[in-house]
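Undergrad: Sending over a structure as structure tokens; questions will come in a sec.
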Protein chains: 2
Amino acid sequence: MRDVAIIGVGMIPWGELWEKPLRTIWAEAAVAALEDAGVDTVDLITVGCMSPGLFVGQEHLASMVADQIGMAGVPAARVESACASGGLALRNGFAEVASGLADLVLVTGVEKMTDVDGADATFALGTAADQEYEGFHGITFPGLYAMMARVHMARHGTTVRQMAAVAAKNHANGLLNPNAQYHLKVTVDDVLASTMVADPLHLLDCSPITDGAAALVLAPVDRARDLAGGRPVVKITGSGMATDSIALADREDLGRLRAVQLAAERAYAMAGRKPSDIHVAEVHDCFSIAEIMVTEELGFFPPGEGGPAAENGLTALGGRIPVNPSGGLKSKGHPVGATGVAQVAEIVTQLRGEAGQRQVQGASIGLAQNMGGSGGSSIVHILEVAS
Amino acid sequence: MRDVAIIGVGMIPWGELWEKPLRTIWAEAAVAALEDAGVDTVDLITVGCMSPGLFVGQEHLASMVADQIGMAGVPAARVESACASGGLALRNGFAEVASGLADLVLVTGVEKMTDVDGADATFALGTAADQEYEGFHGITFPGLYAMMARVHMARHGTTVRQMAAVAAKNHANGLLNPNAQYHLKVTVDDVLASTMVADPLHLLDCSPITDGAAALVLAPVDRARDLAGGRPVVKITGSGMATDSIALADREDLGRLRAVQLAAERAYAMAGRKPSDIHVAEVHDCFSIAEIMVTEELGFFPPGEGGPAAENGLTALGGRIPVNPSGGLKSKGHPVGATGVAQVAEIVTQLRGEAGQRQVQGASIGLAQNMGGSGGSSIVHILEVAS
């Protein structure tokens, strides 16, 4: 198995991009990554996208996007694992380079979510849950996460203020990220004063609907060293995937995210790392309770300590383990198929020391955790500056 | 890169499976493949499915299907390249085993298409074309292939009787396949007497709407030899992918399928084989003209000779190069995400000498060609009996 590096990242400003179709926002991120990498050909394009069929009436992105940047002919593959589609696109590209089937791979994620009316976007997102056993009976994602939050609160004493602290922290980070959808200061009291969506989750506990894309370029490490031009070479040292039952009712424990724990265990084992080795992490804060649960499953904090850790600033910039310096899904936005790729783009930017005002000082080992639906799938990657 | 073998195949009868949800037909094929392989655990599940969101209102199959066979926890990945999704699922699994990231991979394809009303199925299939430049203006797939057929007819003198001969041959083969959707004899005159769908394509030139699933189990060749129990070990020796512009208007030549030619070229190069080495092939006959064009792009016949070859029996069982012994998409059915996996299942069955009445005698090298949309993507695999 060959060692694989990330030699280019491409991010664009996210938001409600009414004036641009999916293919355009995809191309902007893809071209930015190719320019950053300094290459103009690739052997494969992977595209993480959750539901272009329901959001914009278009499948077969593999074919569409290659042509959009003048690469018709180049192999392309769309992958989907709901909101973990971006992480899966990276995994797919990683396997191709590691095997030797491809040298240069353009890994991308995209979602165009704001062109549908509200009800349709909610339906489309709901297809990440078990439709026959959950969605068709009326529950939506805030409801599913609210049930998990209630279990966590009952078991560990997690509070709504601790959850709100996650949202406040991520909005503070997003103020430092020029590509974030929202640049606004949010306090714990703002969160608690916002509309209740699904008790105990307020509006400001929830990530938004977003249009966006992100991209990476992968290469074998030897080639990456040639192309680096003095910048640090960032290697993928761990890649772990896992599933869990899609329906909450089938889970052993509603207060756990078993797919996250399993994916992390596999990624740590491949990298030969442990949680305390990680300097910076991007995690899947689709709801504030998710970040609390995920930081526990990743082993950053013991069960029940994720909430107090957030409240006490341990996950803030300058804290013990900065989490979501990009602003996370909460502030940077959550174009579902793009999120997992953007998380890795942020970690690469941090490990290169190019994160500007939100730089985590001295970071050389980072982790990105992407999650599908209510935790039915998760993908974890560990990245390190190559020595 | 490790050598990869296919150690199990799972097929179920295809058709209008009203009484079974997607997860059930998927599980039946998956379990059949695991039983055939003689294994009860895998390291990864891949799922080719074109549009579960539009067909059945469910995305995130990666999570749903693993749980359905008691494998929640196992990594799973859905991939999509329209009607080439099944071929992509195999490619994805192949890369994982070749790289060493996984040993045993369950490769699957599924589509449940008959639970939507007619207009919706047509819309869902249409999302494989360029919606903004083709679909939203009213054209559907028969229309796109009819335009390609007209170019082929004008350039090469291809006739409607030659196209009809493809359908008649594939229905004759389907009569010998117990899993085929249609068991009915169709003559050239039957095709020409059937309803005109998009001139020059009649109803019986078109593949049907189908519910179905298919599955394979992959393993490194060394492990495959241990598990074979006296049956031939079938290796994947070539895997080639390519794209083309999704919209016909952007193509250089409407009378060619460039993605097929490129994917085949890459697969032949990897396998060190040429067209005349192939003993049996399953190809993507979504419309009868497609089989004619594809057999030319694969190099089985020179340009313009695909039609006469079909009419003269060169692609029939017992002919020079039997094409679609399974009955093809035309007779076996075309559950879009499952098709690419079922093609490979048929080739493995043929190379094992287990195809019964439709056995191609002495076949030891086979090819499977899967295609997305109107040729916007294609994936070709070459399989060989390991010595």
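Residues are referred to by chain and number: the chain letter is A, B, ... according to the order shown in the structure tokens, the number counts from 1 in that chain, and ligands are numbered separately from 1 in the order shown.
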Determine, for each residue of chain B having at least one atom at most 8 Å from an atom of chain A, the closest pair of atoms and their separation in Å to one decimal, counting only C-alpha atoms; order by chain and ascending number, as JSON lines.
TA:
{"residue": "B:Met1", "atom": "CA", "partner": "A:Ser99", "partner_atom": "CA", "distance": 5.3}
{"residue": "B:Arg2", "atom": "CA", "partner": "A:Ser99", "partner_atom": "CA", "distance": 7.9}
{"residue": "B:Met50", "atom": "CA", "partner": "A:Glu59", "partner_atom": "CA", "distance": 7.5}
{"residue": "B:Ser51", "atom": "CA", "partner": "A:Gly53", "partner_atom": "CA", "distance": 6.9}
{"residue": "B:Gly53", "atom": "CA", "partner": "A:Leu54", "partner_atom": "CA", "distance": 6.4}
{"residue": "B:Leu54", "atom": "CA", "partner": "A:Leu54", "partner_atom": "CA", "distance": 6.4}
{"residue": "B:Gly57", "atom": "CA", "partner": "A:Thr127", "partner_atom": "CA", "distance": 6.0}
{"residue": "B:Gln58", "atom": "CA", "partner": "A:Thr127", "partner_atom": "CA", "distance": 4.5}
{"residue": "B:Glu59", "atom": "CA", "partner": "A:Thr127", "partner_atom": "CA", "distance": 5.0}
{"residue": "B:His60", "atom": "CA", "partner": "A:Ala82", "partner_atom": "CA", "distance": 5.0}
{"residue": "B:Leu61", "atom": "CA", "partner": "A:Ser81", "partner_atom": "CA", "distance": 7.3}
{"residue": "B:Ala62", "atom": "CA", "partner": "A:Ser81", "partner_atom": "CA", "distance": 6.1}
{"residue": "B:Ser63", "atom": "CA", "partner": "A:Gly376", "partner_atom": "CA", "distance": 5.2}
{"residue": "B:Met64", "atom": "CA", "partner": "A:Ile246", "partner_atom": "CA", "distance": 5.3}
{"residue": "B:Ala66", "atom": "CA", "partner": "A:Thr243", "partner_atom": "CA", "distance": 7.3}
{"residue": "B:Asp67", "atom": "CA", "partner": "A:Ser245", "partner_atom": "CA", "distance": 5.3}
{"residue": "B:Ala72", "atom": "CA", "partner": "A:Asp244", "partner_atom": "CA", "distance": 4.7}
{"residue": "B:Gly73", "atom": "CA", "partner": "A:Thr243", "partner_atom": "CA", "distance": 4.4}
{"residue": "B:Val74", "atom": "CA", "partner": "A:Ala242", "partner_atom": "CA", "distance": 5.4}
{"residue": "B:Pro75", "atom": "CA", "partner": "A:Ala242", "partner_atom": "CA", "distance": 4.1}
{"residue": "B:Ala76", "atom": "CA", "partner": "A:Thr243", "partner_atom": "CA", "distance": 6.6}
{"residue": "B:Ala77", "atom": "CA", "partner": "A:Ser81", "partner_atom": "CA", "distance": 6.5}
{"residue": "B:Arg78", "atom": "CA", "partner": "A:Glu80", "partner_atom": "CA", "distance": 5.3}
{"residue": "B:Val79", "atom": "CA", "partner": "A:Val79", "partner_atom": "CA", "distance": 4.3}
{"residue": "B:Glu80", "atom": "CA", "partner": "A:Arg78", "partner_atom": "CA", "distance": 5.3}
{"residue": "B:Ser81", "atom": "CA", "partner": "A:His60", "partner_atom": "CA", "distance": 5.0}
{"residue": "B:Ala82", "atom": "CA", "partner": "A:His60", "partner_atom": "CA", "distance": 5.0}
{"residue": "B:Leu88", "atom": "CA", "partner": "A:Ala77", "partner_atom": "CA", "distance": 7.2}
{"residue": "B:Asn92", "atom": "CA", "partner": "A:Asn92", "partner_atom": "CA", "distance": 7.0}
{"residue": "B:Ala95", "atom": "CA", "partner": "A:Glu96", "partner_atom": "CA", "distance": 5.6}
{"residue": "B:Glu96", "atom": "CA", "partner": "A:Ala95", "partner_atom": "CA", "distance": 5.6}
{"residue": "B:Ala98", "atom": "CA", "partner": "A:Ser99", "partner_atom": "CA", "distance": 5.6}
{"residue": "B:Ser99", "atom": "CA", "partner": "A:Ser99", "partner_atom": "CA", "distance": 3.7}
{"residue": "B:Gly100", "atom": "CA", "partner": "A:Met1", "partner_atom": "CA", "distance": 6.3}
{"residue": "B:Leu101", "atom": "CA", "partner": "A:Ala95", "partner_atom": "CA", "distance": 7.2}
{"residue": "B:Ala124", "atom": "CA", "partner": "A:Gly53", "partner_atom": "CA", "distance": 7.6}
{"residue": "B:Thr127", "atom": "CA", "partner": "A:Gln58", "partner_atom": "CA", "distance": 4.5}
{"residue": "B:Ala128", "atom": "CA", "partner": "A:His60", "partner_atom": "CA", "distance": 5.0}
{"residue": "B:Ala129", "atom": "CA", "partner": "A:His60", "partner_atom": "CA", "distance": 7.4}
{"residue": "B:Asp130", "atom": "CA", "partner": "A:Met64", "partner_atom": "CA", "distance": 7.3}
{"residue": "B:Gln131", "atom": "CA", "partner": "A:Gln58", "partner_atom": "CA", "distance": 6.0}
{"residue": "B:Met241", "atom": "CA", "partner": "A:Pro75", "partner_atom": "CA", "distance": 5.1}
{"residue": "B:Ala242", "atom": "CA", "partner": "A:Pro75", "partner_atom": "CA", "distance": 4.1}
{"residue": "B:Thr243", "atom": "CA", "partner": "A:Gly73", "partner_atom": "CA", "distance": 4.4}
{"residue": "B:Asp244", "atom": "CA", "partner": "A:Ala72", "partner_atom": "CA", "distance": 4.7}
{"residue": "B:Ser245", "atom": "CA", "partner": "A:Asp67", "partner_atom": "CA", "distance": 5.3}
{"residue": "B:Ile246", "atom": "CA", "partner": "A:Met64", "partner_atom": "CA", "distance": 5.3}
{"residue": "B:Arg258", "atom": "CA", "partner": "A:Gly73", "partner_atom": "CA", "distance": 7.7}
{"residue": "B:Ala259", "atom": "CA", "partner": "A:Gly73", "partner_atom": "CA", "distance": 6.2}
{"residue": "B:Leu262", "atom": "CA", "partner": "A:Gly73", "partner_atom": "CA", "distance": 7.2}
{"residue": "B:Gly372", "atom": "CA", "partner": "A:His60", "partner_atom": "CA", "distance": 7.4}
{"residue": "B:Gly373", "atom": "CA", "partner": "A:His60", "partner_atom": "CA", "distance": 7.6}
{"residue": "B:Gly376", "atom": "CA", "partner": "A:Ser63", "partner_atom": "CA", "distance": 5.2}
{"residue": "B:Ser377", "atom": "CA", "partner": "A:Ser63", "partner_atom": "CA", "distance": 5.7}
Undergrad: What would the file look like if the residues just selected were written as a compact mmCIF listing (two decimals), in the first residue's frame with C-alpha atoms?
TA:
# COMPACT_ATOMS: atom_id res chain seq x y z
CA MET B 1 -1.14 -3.81 -5.98
CA ARG B 2 -2.64 -7.16 -4.93
CA MET B 50 -28.60 5.14 -9.13
CA SER B 51 -31.37 7.04 -7.41
CA GLY B 53 -33.88 9.13 -3.36
CA LEU B 54 -36.12 9.63 -6.36
CA GLY B 57 -37.38 8.25 -1.02
CA GLN B 58 -34.34 6.77 0.69
CA GLU B 59 -30.65 7.77 0.55
CA HIS B 60 -27.89 6.60 2.93
CA LEU B 61 -28.11 2.98 1.74
CA ALA B 62 -24.61 2.33 3.10
CA SER B 63 -26.02 2.46 6.59
CA MET B 64 -29.32 0.76 5.85
CA ALA B 66 -25.30 -3.31 6.41
CA ASP B 67 -27.82 -3.48 9.24
CA ALA B 72 -24.15 -2.88 11.40
CA GLY B 73 -20.65 -1.64 12.15
CA VAL B 74 -19.11 -2.92 8.92
CA PRO B 75 -17.94 -0.07 6.64
CA ALA B 76 -20.24 0.48 3.68
CA ALA B 77 -20.22 2.82 0.69
CA ARG B 78 -22.85 3.68 -1.88
CA VAL B 79 -21.60 4.72 -5.29
CA GLU B 80 -23.47 6.17 -8.26
CA SER B 81 -22.73 6.69 -11.92
CA ALA B 82 -26.31 6.45 -13.23
CA LEU B 88 -18.53 1.48 -10.13
CA ASN B 92 -14.58 0.63 -5.65
CA ALA B 95 -9.43 -0.72 -5.33
CA GLU B 96 -9.98 -1.51 -1.65
CA ALA B 98 -5.98 -4.25 -4.40
CA SER B 99 -4.65 -1.61 -1.98
CA GLY B 100 -4.79 -3.92 1.03
CA LEU B 101 -7.29 -1.70 2.86
CA ALA B 124 -35.74 9.70 -12.21
CA THR B 127 -31.56 12.66 -14.14
CA ALA B 128 -28.78 10.57 -15.79
CA ALA B 129 -28.87 13.05 -18.68
CA ASP B 130 -27.91 16.71 -18.46
CA GLN B 131 -31.06 18.06 -16.84
CA MET B 241 -13.26 3.74 -16.32
CA ALA B 242 -13.94 6.84 -18.38
CA THR B 243 -16.36 9.72 -18.75
CA ASP B 244 -17.67 11.68 -21.70
CA SER B 245 -19.61 14.93 -21.83
CA ILE B 246 -22.98 14.27 -20.23
CA ARG B 258 -16.06 7.64 -26.47
CA ALA B 259 -16.31 6.73 -22.78
CA LEU B 262 -11.55 4.82 -23.43
CA GLY B 372 -24.14 5.51 -17.54
CA GLY B 373 -26.83 7.63 -19.17
CA GLY B 376 -21.55 9.91 -20.18
CA SER B 377 -19.65 7.28 -18.21
Undergrad: Give me every strand (DSSP E) residue in segment 103-274 of chain B, going by DSSP on the backbone, as a ChimeraX atom specification.
TA: /B:105-111,196-198,201-202,212-220,234-243
Undergrad: How about saving the chosen residues, N, CA and C atoms kept, as an mmCIF file, in the first residue's frame?
TA:
data_model
loop_
_atom_site.group_PDB
_atom_site.id
_atom_site.type_symbol
_atom_site.label_atom_id
_atom_site.label_comp_id
_atom_site.auth_asym_id
_atom_site.auth_seq_id
_atom_site.Cartn_x
_atom_site.Cartn_y
_atom_site.Cartn_z
ATOM 1 N N VAL B 105 -14.642 -8.111 0.383
ATOM 2 C CA VAL B 105 -15.586 -7.024 0.102
ATOM 3 C C VAL B 105 -16.845 -7.600 -0.542
ATOM 4 N N LEU B 106 -17.982 -7.205 -0.015
ATOM 5 C CA LEU B 106 -19.279 -7.558 -0.602
ATOM 6 C C LEU B 106 -19.682 -6.427 -1.546
ATOM 7 N N VAL B 107 -19.658 -6.711 -2.841
ATOM 8 C CA VAL B 107 -19.984 -5.710 -3.872
ATOM 9 C C VAL B 107 -21.421 -5.952 -4.316
ATOM 10 N N THR B 108 -22.250 -4.930 -4.240
ATOM 11 C CA THR B 108 -23.662 -5.132 -4.536
ATOM 12 C C THR B 108 -24.219 -4.031 -5.427
ATOM 13 N N GLY B 109 -25.318 -4.340 -6.076
ATOM 14 C CA GLY B 109 -26.052 -3.337 -6.829
ATOM 15 C C GLY B 109 -27.532 -3.578 -6.624
ATOM 16 N N VAL B 110 -28.309 -2.511 -6.600
ATOM 17 C CA VAL B 110 -29.745 -2.661 -6.365
ATOM 18 C C VAL B 110 -30.490 -1.471 -6.947
ATOM 19 N N GLU B 111 -31.701 -1.712 -7.415
ATOM 20 C CA GLU B 111 -32.604 -0.612 -7.748
ATOM 21 C C GLU B 111 -34.031 -1.132 -7.612
ATOM 22 N N MET B 196 -43.864 2.443 -31.734
ATOM 23 C CA MET B 196 -42.711 3.317 -31.924
ATOM 24 C C MET B 196 -42.597 4.217 -30.694
ATOM 25 N N VAL B 197 -41.432 4.214 -30.050
ATOM 26 C CA VAL B 197 -41.219 5.052 -28.859
ATOM 27 C C VAL B 197 -40.533 6.356 -29.261
ATOM 28 N N ALA B 198 -39.421 6.237 -29.949
ATOM 29 C CA ALA B 198 -38.712 7.420 -30.460
ATOM 30 C C ALA B 198 -38.048 6.946 -31.741
ATOM 31 N N LEU B 201 -36.508 3.875 -32.737
ATOM 32 C CA LEU B 201 -36.549 2.857 -31.682
ATOM 33 C C LEU B 201 -37.980 2.464 -31.320
ATOM 34 N N HIS B 202 -38.290 1.174 -31.487
ATOM 35 C CA HIS B 202 -39.577 0.634 -31.087
ATOM 36 C C HIS B 202 -39.542 0.227 -29.621
ATOM 37 N N GLY B 212 -34.569 -5.141 -8.879
ATOM 38 C CA GLY B 212 -33.615 -6.249 -8.800
ATOM 39 C C GLY B 212 -32.367 -5.884 -8.029
ATOM 40 N N ALA B 213 -31.599 -6.901 -7.712
ATOM 41 C CA ALA B 213 -30.331 -6.730 -7.006
ATOM 42 C C ALA B 213 -29.398 -7.852 -7.430
ATOM 43 N N ALA B 214 -28.114 -7.627 -7.234
ATOM 44 C CA ALA B 214 -27.098 -8.630 -7.545
ATOM 45 C C ALA B 214 -25.908 -8.374 -6.630
ATOM 46 N N ALA B 215 -25.093 -9.398 -6.416
ATOM 47 C CA ALA B 215 -23.977 -9.241 -5.477
ATOM 48 C C ALA B 215 -22.802 -10.128 -5.850
ATOM 49 N N LEU B 216 -21.634 -9.708 -5.399
ATOM 50 C CA LEU B 216 -20.383 -10.431 -5.607
ATOM 51 C C LEU B 216 -19.597 -10.380 -4.301
ATOM 52 N N VAL B 217 -18.693 -11.329 -4.106
ATOM 53 C CA VAL B 217 -17.749 -11.224 -2.994
ATOM 54 C C VAL B 217 -16.334 -11.248 -3.569
ATOM 55 N N LEU B 218 -15.529 -10.253 -3.173
ATOM 56 C CA LEU B 218 -14.141 -10.155 -3.631
ATOM 57 C C LEU B 218 -13.184 -10.601 -2.529
ATOM 58 N N ALA B 219 -12.045 -11.111 -2.950
ATOM 59 C CA ALA B 219 -10.985 -11.499 -2.005
ATOM 60 C C ALA B 219 -9.648 -11.431 -2.727
ATOM 61 N N PRO B 220 -8.555 -11.293 -1.970
ATOM 62 C CA PRO B 220 -7.240 -11.411 -2.616
ATOM 63 C C PRO B 220 -7.128 -12.809 -3.225
ATOM 64 N N VAL B 234 -11.691 -17.019 -10.331
ATOM 65 C CA VAL B 234 -11.863 -15.985 -11.366
ATOM 66 C C VAL B 234 -11.240 -14.677 -10.889
ATOM 67 N N LYS B 235 -10.237 -14.219 -11.630
ATOM 68 C CA LYS B 235 -9.509 -12.990 -11.283
ATOM 69 C C LYS B 235 -10.038 -11.790 -12.058
ATOM 70 N N ILE B 236 -9.940 -10.612 -11.449
ATOM 71 C CA ILE B 236 -10.174 -9.360 -12.186
ATOM 72 C C ILE B 236 -8.816 -8.935 -12.724
ATOM 73 N N THR B 237 -8.642 -9.006 -14.042
ATOM 74 C CA THR B 237 -7.334 -8.658 -14.603
ATOM 75 C C THR B 237 -7.315 -7.254 -15.205
ATOM 76 N N GLY B 238 -8.486 -6.712 -15.496
ATOM 77 C CA GLY B 238 -8.531 -5.364 -16.053
ATOM 78 C C GLY B 238 -9.707 -4.591 -15.515
ATOM 79 N N SER B 239 -9.491 -3.303 -15.219
ATOM 80 C CA SER B 239 -10.565 -2.434 -14.748
ATOM 81 C C SER B 239 -10.331 -1.063 -15.366
ATOM 82 N N GLY B 240 -11.246 -0.632 -16.212
ATOM 83 C CA GLY B 240 -11.081 0.661 -16.868
ATOM 84 C C GLY B 240 -12.328 1.507 -16.724
ATOM 85 N N MET B 241 -12.141 2.799 -16.469
ATOM 86 C CA MET B 241 -13.257 3.744 -16.324
ATOM 87 C C MET B 241 -13.012 4.936 -17.228
ATOM 88 N N ALA B 242 -14.076 5.585 -17.630
ATOM 89 C CA ALA B 242 -13.940 6.840 -18.379
ATOM 90 C C ALA B 242 -15.255 7.603 -18.317
ATOM 91 N N THR B 243 -15.165 8.895 -18.593
ATOM 92 C CA THR B 243 -16.359 9.718 -18.753
ATOM 93 C C THR B 243 -16.383 10.283 -20.165
#
Undergrad: I'd like the neighbourhood of Lys274 of chain B as a PyMOL selection string, where a residue qualifies if any of its atoms comes within 9 Å (using only C-alpha atoms), though same-chain residues fewer than 5 positions away should be ignored.
TA: chain B and resi 265+268-269+299
Undergrad: Got time to write the residues from that selection, C-alpha atoms, as a PDB file, in the first residue's frame?
TA:
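As a result, out29.pdb now contains:
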ATOM      1  CA  GLU B 265      -8.663   0.708 -23.831  1.00  0.00           C
ATOM      2  CA  TYR B 268      -7.372  -4.078 -22.091  1.00  0.00           C
ATOM      3  CA  ALA B 269      -4.063  -2.348 -21.250  1.00  0.00           C
ATOM      4  CA  GLY B 299     -13.189  -3.576 -30.737  1.00  0.00           C
TER       5      GLY B 299
END
Undergrad: Find the residues near Glu311 of chain B: any atom within 12 Å, counting only C-alpha atoms, skip ones fewer than 3 places away on the same chain, and give them as a list of chain:residue names.
TA: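 Counting only C-alpha atoms, the residues come to B:Thr158, B:Thr159, B:Val160, B:Arg161, B:Gln162, B:Met163, B:Ala164, B:Ala165, B:Val166, B:Ala167, B:Ala168, B:Lys169, B:Thr187, B:Val188, B:Ser288, B:Ile292, B:Glu305, B:Gly306, B:Gly307, B:Pro308, B:Leu314, B:Thr315, B:Ala316, B:Gly319.
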Undergrad: Can you work out which one of B:Ser387, B:Pro325, B:Ile25, B:Ala154 has the shortest atom-to-atom distance to Val221 of chain B, counting only C-alpha atoms?
TA: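 Closest to Val221 of chain B, using only C-alpha atoms: B:Ser387.
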Undergrad: In Å to one decimal, how far is atom CA of Thr46 of chain A from atom CA of Pro178 of chain A?
TA: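 Going from atom CA of Pro178 of chain A over to atom CA of Thr46 of chain A covers 25.7 Å.
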Undergrad: So how far away is atom CA of Ala309 of chain A from atom CA of Val323 of chain A, in Å?
TA: 10.9 Å
Undergrad: Just list as number ranges by chain whatever in segment 85-201 of chain A DSSP marks as alpha helix (DSSP H).
TA: A: 85-99, 118-126, 141-156, 160-174, 188-193
Undergrad: Calculated over only C-alpha atoms, which of the candidates A:Glu354, A:Glu282, A:Glu134, A:Asp189 has the smallest distance to Val294 of chain A?
TA: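 The closest residue to Val294 of chain A is A:Glu282.
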Undergrad: What is the atom CA of Gln361 of chain A to atom CA of Leu329 of chain A distance in Å?
TA: 22.2 Å
Undergrad: Fewer than 4 positions away in the same chain doesn't count, so skip those; otherwise give me all residues within 9 Å of Pro303 of chain B, counting only C-alpha atoms, as a VMD selection string.
TA: chain B and resid 156 293 296 to 297 299
